[in-house]
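Trainee: Before we start, here is the structure in question, set down as structure tokens.
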Amino acid sequence: MSAARSAVPRWAAGPLARAGTLLGHHQSVSIVLGGLVAAVILPAIALLPPFNGFGTQKDWVGGFANAGVFVLLAIGLNVVVGLAGLLDLGYAAFFAIGAYTYAYGASGFTGLDIPFWIMLPVGAGVAALFGLLLGAPTLRLRGDYLAIVTLGFGEIVPVVILNSDPYTNGTNGITGLSQPDLYGLFGVNGFGFTNPWPYFFTVVVIIMVAFMLLYRLEDSRLGRAWVAIREDELAAASMGINTVTTKLLAFAIGATTSGLAGAFYAAKLGVVTPDQFGFTVSFTALAMVVLGGMGNIWGVAAGAFVIYEIQSQGLKQLGGFVQALHVPAFALGPVSVDLGSINFLNYQYLLYGLALVGMMLLRPEGLFPSRRRRRELREAVDEPAELKIEELLEGTES
Amino acid sequence: MTSTAAVGVAPSRPSLGRWSFPVGILVSLVVLYAIVANGAHEQAQDQFINALTIGAIYALIALGYTMVYGIIELINFAHGEVFMCGSFVSWWLLTTLGFSGAISDPIVLAGVLVLAFAVSMVVMGVVGVVIERVAYRRLRNAPRLAPLITAIGVSFILQNIIYVTVSNSIITIPQIIPNPVISFGPVAIREINLFVIVLAVVLMIGLQAFITRTRLGRAMRSTAIDREAAQLMGVDINTTIALTFFIGSALAGAAGVVQGLYFGITAFNIGFQAGLKAFTAAVLGGIGNTTGAAIGGFVIGFLEVISSVYGYGRWSEAAVFGALVLVLIFRPTGILGQAAGDRA
């Protein structure tokens, strides 16, 4: 930062420094600016080569809107995993609950047609309720149990949706969901399913609002309590933090964000089916948080965007690129390798798995770490395996 | 972290006599039989044996969860995938040897079975040791979140290695055990069921004997109780933990072979649900307790069969998950678990 600043002429140094201070001290300003920049630059990038060769601007903007859904998922999961240090492996369940809530509120299936803008918070609220219901019994237990219970919950929710035909229409899902409507504001009535622009701008606004709220939370008493619990639950409890309520709040806030993303996603697709919400969604969101940098909301958002674009565009284009190279098939030991015929999309989750393990071993703080998290994770890994004070204390506690 | 789990240490329950355990098992079996019979009618016996067989598979997987948790307090999410890989090893072996169906010659059959189990158990045991060495050992003193994340990462790696290299759909495994019904008086049991149940019981007794009677078993127990103290007493912690992973993964490998023999199919994604159910079994029995894990496995087997004979087969997963949540709420230490403040 300082190197960059020294390179600017003296007359600009003052205002730039002031702008830097403003951005540093008023995250809301940087968030709004970041959102606006993303809203302008991303569609512009889609027009530049080589990106314009991969699809029309419309395709790209639609893709960005979907990426926005995953950014929302990731920054919500970041509160649970990154700030509070709880491993939630059933995050997609809340995504599904938000989406189905929207489907109930705004489709021919129930005959209701509640506006999108009302169903958005309702979907988030219902997901939060389920988060509380699931978290209340399990958050009293140790973290590992939360991981396995959420894993089970994430597995059960799609099964329940699949099996409850009369209420969810089973495998076929609920179709014909209403589109959002701005009632003529900005000249937009129904969003339609062919025009991605309103969805893109909507998701940017939703992300900006969520970002601000989550950022404020992180810097609040509650946020500090999350970090305290993550770093040492026992010490946090002795300092008077109610660990169960605090963890429950983190869990519920994560679920809320997931439900919000689900409601938006359902409205954008116009259809919900149980197979959209499998474990791979939870796993992808986790990979986004870990790769982006647990605890750093900016890093997580960037990680989510990059990973989404790699999986939706990058791997596909890589396949086309390798095919265009016309590498002849060669033998690698007993296996014959034909690079041109490889479908790189199949390797997606293998890559995530490798990335997760490699990341945790080599750079546990993620690509864009928060300073505090980095120090915590580094210290712990680098410390030699000798008797530590905490372990001595732990041995005597029960 | 240290004072809680103990691999294989049966809890002392002075208030109940020494016969309480076998009597409890017997009474439970009678009650379970009645429940199954009430739903299954004329197939009562078949379904009862089916439940025992499925339960044996879950029990074998659950042992690995409980041993690893007992010794390093980590939920090894990759364990279910080890089971899945074990089934693929046996598929590879049997098809490479050119078998496609039942083997009628008992000597050949016995030889092939021994070979299949030996290969699968050793291969998966080694895989387990490699997983521990690469993914978990360095993180032993890291924040708890770190090894959990690598565990889930390893599970995806294993699953997707099979997915991209072997098959992305269901494959059939030759069912080499012929299927005549053997009758013991009024009890009729198929050879395969008998084989699976006997095998599981033999492996469990062997494990129990290993843990309680041998030097290495004692090293495992002491490491589980207090790692530092065990180290001070001269126990090689790394070897002991690697050994635990080897045994646990070998048992999962054996379960994988059984999966092929009994169901005749496997797929790259069977490990996930099997792992979840087996973990539930381990929690149900009291995690860290090998006897408990075995009992938990059979409980899950019965839960599954009972839900299917009463016509709710599609809900069996929900039933297992419900059981997990209920146990965690009302008795987080499980059926046989010791009271452990840290864990609960």
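Identifiers in this document derive from the order of the structure tokens: chains are assigned A, B, ..., residues are numbered from 1 separately in each chain, and ligands are numbered from 1 in order of occurrence.
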Would you return as a list in words the members of segment 173-303 of chain A that DSSP assigns to strand (DSSP E) on this structure's backbone?

Mentor: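 Filtering segment 173-303 of chain A down to strand (DSSP E) leaves Ile174, Thr175, Val271 and Val272 of chain A.
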
Trainee: Could you save those same residues with C-alpha atoms as a PDB file, in the first residue's frame?

Mentor:
```
ATOM      1  CA  ILE A 174     -42.208 -26.805  -8.606  1.00  0.00           C
ATOM      2  CA  THR A 175     -42.267 -24.922 -11.873  1.00  0.00           C
ATOM      3  CA  VAL A 271     -38.150 -23.597 -11.064  1.00  0.00           C
ATOM      4  CA  VAL A 272     -37.028 -25.546  -7.996  1.00  0.00           C
TER       5      VAL A 272
END
```

Trainee: At a cut-off of 10 Å, using only C-alpha atoms, what residues contact Arg224 of chain A? Leave out same-chain residues fewer than 6 positions from it and give the result as a list in words.

Mentor: Leu83, Ala84, Leu217, Glu218 and Arg230 of chain A

Trainee: Could you dump the residues just selected with C-alpha atoms as a PDB file, in the first residue's frame?

Mentor:
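File written: again14.pdb
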```
ATOM      1  CA  LEU A  83     -15.840 -16.111  12.074  1.00  0.00           C
ATOM      2  CA  ALA A  84     -17.402 -18.508  14.544  1.00  0.00           C
ATOM      3  CA  LEU A 217     -21.724  -7.498  12.582  1.00  0.00           C
ATOM      4  CA  GLU A 218     -18.155  -8.651  12.330  1.00  0.00           C
ATOM      5  CA  ARG A 230     -13.436 -19.633  17.619  1.00  0.00           C
TER       6      ARG A 230
END
```

Trainee: Let me make sure I understand: among A:Ala103, A:Val327, A:Leu73, A:Met359, which one has the smallest atom-to-atom distance to chain B if we use only C-alpha atoms?

Mentor: A:Met359

Trainee: In terms of the shortest atom-to-atom distance over only C-alpha atoms, which of B:Val36, B:Leu26, B:Ile247, B:Ala62 is closest to Ile300 of chain B?

Mentor: B:Ala62

Trainee: Could you give me, as JSON lines, every chain B residue with an atom at most 9 Å from chain A, plus its closest atom pair and distance in Å to one decimal, counting only C-alpha atoms, rows ordered by chain then number?

Mentor:
```
{"residue": "B:Met1", "atom": "CA", "partner": "A:Glu394", "partner_atom": "CA", "distance": 6.0}
{"residue": "B:Thr2", "atom": "CA", "partner": "A:Gly395", "partner_atom": "CA", "distance": 5.7}
{"residue": "B:Ser3", "atom": "CA", "partner": "A:Gly395", "partner_atom": "CA", "distance": 6.2}
{"residue": "B:Thr4", "atom": "CA", "partner": "A:Ser398", "partner_atom": "CA", "distance": 8.2}
{"residue": "B:Glu73", "atom": "CA", "partner": "A:Asp144", "partner_atom": "CA", "distance": 8.8}
{"residue": "B:Leu74", "atom": "CA", "partner": "A:Asp144", "partner_atom": "CA", "distance": 7.5}
{"residue": "B:Ile75", "atom": "CA", "partner": "A:Asp144", "partner_atom": "CA", "distance": 6.7}
{"residue": "B:Phe77", "atom": "CA", "partner": "A:Ile148", "partner_atom": "CA", "distance": 8.8}
{"residue": "B:Val134", "atom": "CA", "partner": "A:Leu361", "partner_atom": "CA", "distance": 8.9}
{"residue": "B:Ala135", "atom": "CA", "partner": "A:Val357", "partner_atom": "CA", "distance": 6.7}
{"residue": "B:Tyr136", "atom": "CA", "partner": "A:Leu361", "partner_atom": "CA", "distance": 8.9}
{"residue": "B:Arg138", "atom": "CA", "partner": "A:Leu361", "partner_atom": "CA", "distance": 7.3}
{"residue": "B:Leu139", "atom": "CA", "partner": "A:Val381", "partner_atom": "CA", "distance": 6.4}
{"residue": "B:Arg140", "atom": "CA", "partner": "A:Val381", "partner_atom": "CA", "distance": 8.3}
{"residue": "B:Asn141", "atom": "CA", "partner": "A:Ala380", "partner_atom": "CA", "distance": 6.4}
{"residue": "B:Ala142", "atom": "CA", "partner": "A:Ala380", "partner_atom": "CA", "distance": 4.9}
{"residue": "B:Pro143", "atom": "CA", "partner": "A:Ala380", "partner_atom": "CA", "distance": 6.7}
{"residue": "B:Arg144", "atom": "CA", "partner": "A:Gly143", "partner_atom": "CA", "distance": 8.0}
{"residue": "B:Leu145", "atom": "CA", "partner": "A:Gly85", "partner_atom": "CA", "distance": 6.7}
{"residue": "B:Ala146", "atom": "CA", "partner": "A:Met360", "partner_atom": "CA", "distance": 6.2}
{"residue": "B:Pro147", "atom": "CA", "partner": "A:Met360", "partner_atom": "CA", "distance": 7.9}
{"residue": "B:Leu148", "atom": "CA", "partner": "A:Asp144", "partner_atom": "CA", "distance": 7.7}
{"residue": "B:Ile149", "atom": "CA", "partner": "A:Leu356", "partner_atom": "CA", "distance": 7.0}
{"residue": "B:Thr150", "atom": "CA", "partner": "A:Val357", "partner_atom": "CA", "distance": 4.6}
{"residue": "B:Ala151", "atom": "CA", "partner": "A:Val357", "partner_atom": "CA", "distance": 7.9}
{"residue": "B:Ile152", "atom": "CA", "partner": "A:Gly353", "partner_atom": "CA", "distance": 7.6}
{"residue": "B:Gly153", "atom": "CA", "partner": "A:Gly353", "partner_atom": "CA", "distance": 4.1}
{"residue": "B:Val154", "atom": "CA", "partner": "A:Gly353", "partner_atom": "CA", "distance": 6.1}
{"residue": "B:Ser155", "atom": "CA", "partner": "A:Gly353", "partner_atom": "CA", "distance": 7.6}
{"residue": "B:Phe156", "atom": "CA", "partner": "A:Gly353", "partner_atom": "CA", "distance": 5.2}
{"residue": "B:Ile157", "atom": "CA", "partner": "A:Leu350", "partner_atom": "CA", "distance": 5.0}
{"residue": "B:Leu158", "atom": "CA", "partner": "A:Leu350", "partner_atom": "CA", "distance": 8.1}
{"residue": "B:Gln159", "atom": "CA", "partner": "A:Leu350", "partner_atom": "CA", "distance": 8.0}
{"residue": "B:Asn160", "atom": "CA", "partner": "A:Leu350", "partner_atom": "CA", "distance": 5.2}
{"residue": "B:Ile161", "atom": "CA", "partner": "A:Leu350", "partner_atom": "CA", "distance": 6.9}
{"residue": "B:Tyr163", "atom": "CA", "partner": "A:Asn346", "partner_atom": "CA", "distance": 8.2}
{"residue": "B:Val164", "atom": "CA", "partner": "A:Asn346", "partner_atom": "CA", "distance": 6.7}
{"residue": "B:Asp226", "atom": "CA", "partner": "A:Gly395", "partner_atom": "CA", "distance": 8.4}
{"residue": "B:Glu228", "atom": "CA", "partner": "A:Leu387", "partner_atom": "CA", "distance": 7.6}
{"residue": "B:Gln273", "atom": "CA", "partner": "A:Glu155", "partner_atom": "CA", "distance": 8.4}
{"residue": "B:Leu276", "atom": "CA", "partner": "A:Gly152", "partner_atom": "CA", "distance": 7.0}
{"residue": "B:Phe279", "atom": "CA", "partner": "A:Ile148", "partner_atom": "CA", "distance": 8.3}
{"residue": "B:Thr280", "atom": "CA", "partner": "A:Ile148", "partner_atom": "CA", "distance": 8.8}
{"residue": "B:Arg314", "atom": "CA", "partner": "A:Asn163", "partner_atom": "CA", "distance": 7.0}
{"residue": "B:Trp315", "atom": "CA", "partner": "A:Asn163", "partner_atom": "CA", "distance": 7.8}
{"residue": "B:Glu317", "atom": "CA", "partner": "A:Ile156", "partner_atom": "CA", "distance": 7.0}
{"residue": "B:Ala318", "atom": "CA", "partner": "A:Ile156", "partner_atom": "CA", "distance": 5.9}
{"residue": "B:Phe321", "atom": "CA", "partner": "A:Gly152", "partner_atom": "CA", "distance": 6.2}
{"residue": "B:Leu324", "atom": "CA", "partner": "A:Val149", "partner_atom": "CA", "distance": 7.7}
{"residue": "B:Val325", "atom": "CA", "partner": "A:Val149", "partner_atom": "CA", "distance": 7.1}
{"residue": "B:Leu326", "atom": "CA", "partner": "A:Pro137", "partner_atom": "CA", "distance": 9.0}
{"residue": "B:Leu328", "atom": "CA", "partner": "A:Thr138", "partner_atom": "CA", "distance": 7.0}
{"residue": "B:Ile329", "atom": "CA", "partner": "A:Pro137", "partner_atom": "CA", "distance": 5.7}
{"residue": "B:Pro332", "atom": "CA", "partner": "A:Leu141", "partner_atom": "CA", "distance": 8.0}
{"residue": "B:Ala340", "atom": "CA", "partner": "A:Ser398", "partner_atom": "CA", "distance": 7.0}
{"residue": "B:Gly341", "atom": "CA", "partner": "A:Ser398", "partner_atom": "CA", "distance": 5.5}
{"residue": "B:Asp342", "atom": "CA", "partner": "A:Ser398", "partner_atom": "CA", "distance": 6.3}
{"residue": "B:Arg343", "atom": "CA", "partner": "A:Arg142", "partner_atom": "CA", "distance": 5.7}
{"residue": "B:Ala344", "atom": "CA", "partner": "A:Leu141", "partner_atom": "CA", "distance": 5.1}
```

Trainee: Please run DSSP on the backbone and report, as a PyMOL selection string, all residues within segment 225-279 of chain B that come out as helix (DSSP H, G or I).

Mentor: chain B and resi 225+227-232+237-263+270-279

Trainee: Go ahead and compute the interatomic distance for atom CA of Pro186 of chain B and atom CA of Val299 of chain B, in Å to one decimal.

Mentor: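 These atoms are spaced 24.8 Å apart.
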
Trainee: Compile the contact shell of Glu81 of chain B as an NGL selection string: residues with an atom at most 6 Å away, counting only C-alpha atoms, same-chain residues fewer than 3 positions apart removed.

Mentor: :B and (78 or 84 or 155 or 271)

Trainee: Just to be explicit: take each residue in the selection above, keep C-alpha atoms, and write the result as a PDB file, in the first residue's frame.

Mentor:
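Result saved to again.pdb:
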```pdb
ATOM      1  CA  ALA B  78     -13.104 -40.010   4.428  1.00  0.00           C
ATOM      2  CA  MET B  84     -16.551 -47.559  -1.050  1.00  0.00           C
ATOM      3  CA  SER B 155     -13.474 -37.810   1.008  1.00  0.00           C
ATOM      4  CA  GLY B 271     -19.569 -44.202   0.681  1.00  0.00           C
TER       5      GLY B 271
END
```

Trainee: Counting only C-alpha atoms, what is within 12 Å of segment 206-218 of chain B, bar same-chain residues fewer than 2 positions away, as an MDAnalysis selection string?

Mentor: chainID B and resid 6:10 60 63:64 67 71 199:204 220:225 230 233 235:237 239:244 247:248 250:251 289:294

Trainee: Can those selected residues be exported to a file as a CSV table (one decimal), in the first residue's frame so that it contains N, CA and C atoms?

Mentor:
```csv
chain,number,residue,atom,x,y,z
B,6,ALA,N,-11.8,-43.8,25.2
B,6,ALA,CA,-10.9,-44.9,25.4
B,6,ALA,C,-11.3,-46.0,24.4
B,7,VAL,N,-10.4,-46.4,23.5
B,7,VAL,CA,-10.7,-47.4,22.6
B,7,VAL,C,-10.9,-48.7,23.3
B,8,GLY,N,-12.1,-49.3,23.2
B,8,GLY,CA,-12.3,-50.6,23.7
B,8,GLY,C,-12.5,-50.8,25.1
B,9,VAL,N,-12.4,-49.7,25.9
B,9,VAL,CA,-12.6,-49.9,27.3
B,9,VAL,C,-14.1,-50.0,27.6
B,10,ALA,N,-14.5,-51.1,28.1
B,10,ALA,CA,-15.9,-51.3,28.4
B,10,ALA,C,-16.2,-50.5,29.6
B,60,LEU,N,-19.1,-52.9,11.0
B,60,LEU,CA,-17.7,-52.9,10.6
B,60,LEU,C,-17.2,-51.5,10.2
B,63,LEU,N,-16.8,-49.2,13.4
B,63,LEU,CA,-15.6,-49.5,14.2
B,63,LEU,C,-14.5,-48.5,13.8
B,64,GLY,N,-14.3,-48.3,12.5
B,64,GLY,CA,-13.2,-47.4,12.1
B,64,GLY,C,-13.4,-46.0,12.6
B,67,MET,N,-12.8,-45.9,16.4
B,67,MET,CA,-11.4,-46.1,16.8
B,67,MET,C,-10.6,-44.8,16.5
B,71,ILE,N,-9.0,-42.1,19.3
B,71,ILE,CA,-7.6,-41.9,19.5
B,71,ILE,C,-7.2,-40.5,19.1
B,199,LEU,N,-18.5,-63.7,9.8
B,199,LEU,CA,-17.3,-62.9,9.5
B,199,LEU,C,-17.2,-61.7,10.4
B,200,ALA,N,-18.3,-60.9,10.4
B,200,ALA,CA,-18.3,-59.7,11.2
B,200,ALA,C,-18.0,-60.0,12.7
B,201,VAL,N,-18.7,-61.0,13.2
B,201,VAL,CA,-18.5,-61.3,14.6
B,201,VAL,C,-17.1,-61.7,14.9
B,202,VAL,N,-16.5,-62.5,13.9
B,202,VAL,CA,-15.1,-63.0,14.1
B,202,VAL,C,-14.2,-61.8,14.1
B,203,LEU,N,-14.4,-60.9,13.1
B,203,LEU,CA,-13.5,-59.7,13.0
B,203,LEU,C,-13.6,-58.8,14.3
B,204,MET,N,-14.9,-58.7,14.8
B,204,MET,CA,-15.0,-57.9,16.0
B,204,MET,C,-14.4,-58.5,17.2
B,220,MET,N,-2.6,-48.4,22.0
B,220,MET,CA,-3.7,-47.7,21.4
B,220,MET,C,-4.6,-47.1,22.5
B,221,ARG,N,-4.9,-48.0,23.5
B,221,ARG,CA,-5.8,-47.5,24.6
B,221,ARG,C,-5.1,-46.4,25.4
B,222,SER,N,-3.8,-46.6,25.7
B,222,SER,CA,-3.2,-45.5,26.5
B,222,SER,C,-3.1,-44.2,25.7
B,223,THR,N,-2.9,-44.3,24.4
B,223,THR,CA,-2.8,-43.1,23.6
B,223,THR,C,-4.2,-42.4,23.5
B,224,ALA,N,-5.2,-43.2,23.5
B,224,ALA,CA,-6.6,-42.6,23.5
B,224,ALA,C,-6.9,-41.9,24.8
B,225,ILE,N,-6.4,-42.5,25.9
B,225,ILE,CA,-6.7,-41.9,27.2
B,225,ILE,C,-5.9,-40.6,27.4
B,230,ALA,N,1.1,-41.2,27.5
B,230,ALA,CA,1.5,-42.4,26.8
B,230,ALA,C,2.9,-42.2,26.1
B,233,MET,N,5.6,-42.5,28.5
B,233,MET,CA,5.8,-43.9,28.9
B,233,MET,C,6.4,-44.7,27.8
B,235,VAL,N,5.4,-44.9,24.5
B,235,VAL,CA,4.6,-45.3,23.4
B,235,VAL,C,4.9,-44.5,22.2
B,236,ASP,N,5.1,-45.1,21.0
B,236,ASP,CA,5.4,-44.3,19.8
B,236,ASP,C,4.0,-43.9,19.2
B,237,ILE,N,3.7,-42.6,19.5
B,237,ILE,CA,2.4,-42.1,19.2
B,237,ILE,C,2.1,-42.2,17.7
B,239,THR,N,3.3,-44.2,15.3
B,239,THR,CA,3.0,-45.5,14.9
B,239,THR,C,1.7,-46.0,15.4
B,240,THR,N,1.3,-45.7,16.6
B,240,THR,CA,0.1,-46.2,17.2
B,240,THR,C,-1.1,-45.6,16.4
B,241,ILE,N,-1.0,-44.3,16.1
B,241,ILE,CA,-2.1,-43.7,15.4
B,241,ILE,C,-2.2,-44.2,14.0
B,242,ALA,N,-1.1,-44.4,13.4
B,242,ALA,CA,-1.1,-45.0,12.0
B,242,ALA,C,-1.7,-46.4,12.1
B,243,LEU,N,-1.4,-47.2,13.1
B,243,LEU,CA,-1.9,-48.5,13.3
B,243,LEU,C,-3.4,-48.5,13.4
B,244,THR,N,-3.9,-47.5,14.2
B,244,THR,CA,-5.3,-47.3,14.4
B,244,THR,C,-6.0,-47.1,13.0
B,247,ILE,N,-6.0,-50.4,11.0
B,247,ILE,CA,-7.1,-51.4,11.4
B,247,ILE,C,-8.5,-50.9,11.0
B,248,GLY,N,-8.7,-49.6,11.3
B,248,GLY,CA,-10.1,-49.1,11.0
B,248,GLY,C,-10.3,-49.2,9.5
B,250,ALA,N,-8.9,-51.1,7.3
B,250,ALA,CA,-8.9,-52.5,6.9
B,250,ALA,C,-10.3,-53.1,7.1
B,251,LEU,N,-10.9,-52.7,8.3
B,251,LEU,CA,-12.3,-53.2,8.6
B,251,LEU,C,-13.3,-52.6,7.6
B,289,ASN,N,-16.0,-46.1,21.7
B,289,ASN,CA,-16.2,-47.4,22.4
B,289,ASN,C,-16.5,-48.4,21.3
B,290,THR,N,-15.6,-49.4,21.1
B,290,THR,CA,-15.8,-50.4,20.0
B,290,THR,C,-17.0,-51.3,20.2
B,291,THR,N,-17.2,-51.7,21.4
B,291,THR,CA,-18.4,-52.6,21.6
B,291,THR,C,-19.7,-51.8,21.2
B,292,GLY,N,-19.7,-50.5,21.6
B,292,GLY,CA,-20.8,-49.6,21.4
B,292,GLY,C,-21.0,-49.5,19.9
B,293,ALA,N,-19.9,-49.3,19.1
B,293,ALA,CA,-20.0,-49.1,17.7
B,293,ALA,C,-20.7,-50.3,17.0
B,294,ALA,N,-20.2,-51.5,17.5
B,294,ALA,CA,-20.8,-52.7,16.9
B,294,ALA,C,-22.3,-52.8,17.2
```

Trainee: Rounded to one decimal place, report the atom CA of Gly320 of chain A-atom CA of Gly62 of chain A distance in Å.

Mentor: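 So the two atoms, atom CA of Gly320 of chain A and atom CA of Gly62 of chain A, lie 21.2 Å apart.
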
Trainee: Using atom CA of Gly285 of chain B and atom CA of Val127 of chain B as the two end points, give the distance in Å to one decimal.

Mentor: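 About the pair atom CA of Gly285 of chain B and atom CA of Val127 of chain B: they are 26.2 Å apart.
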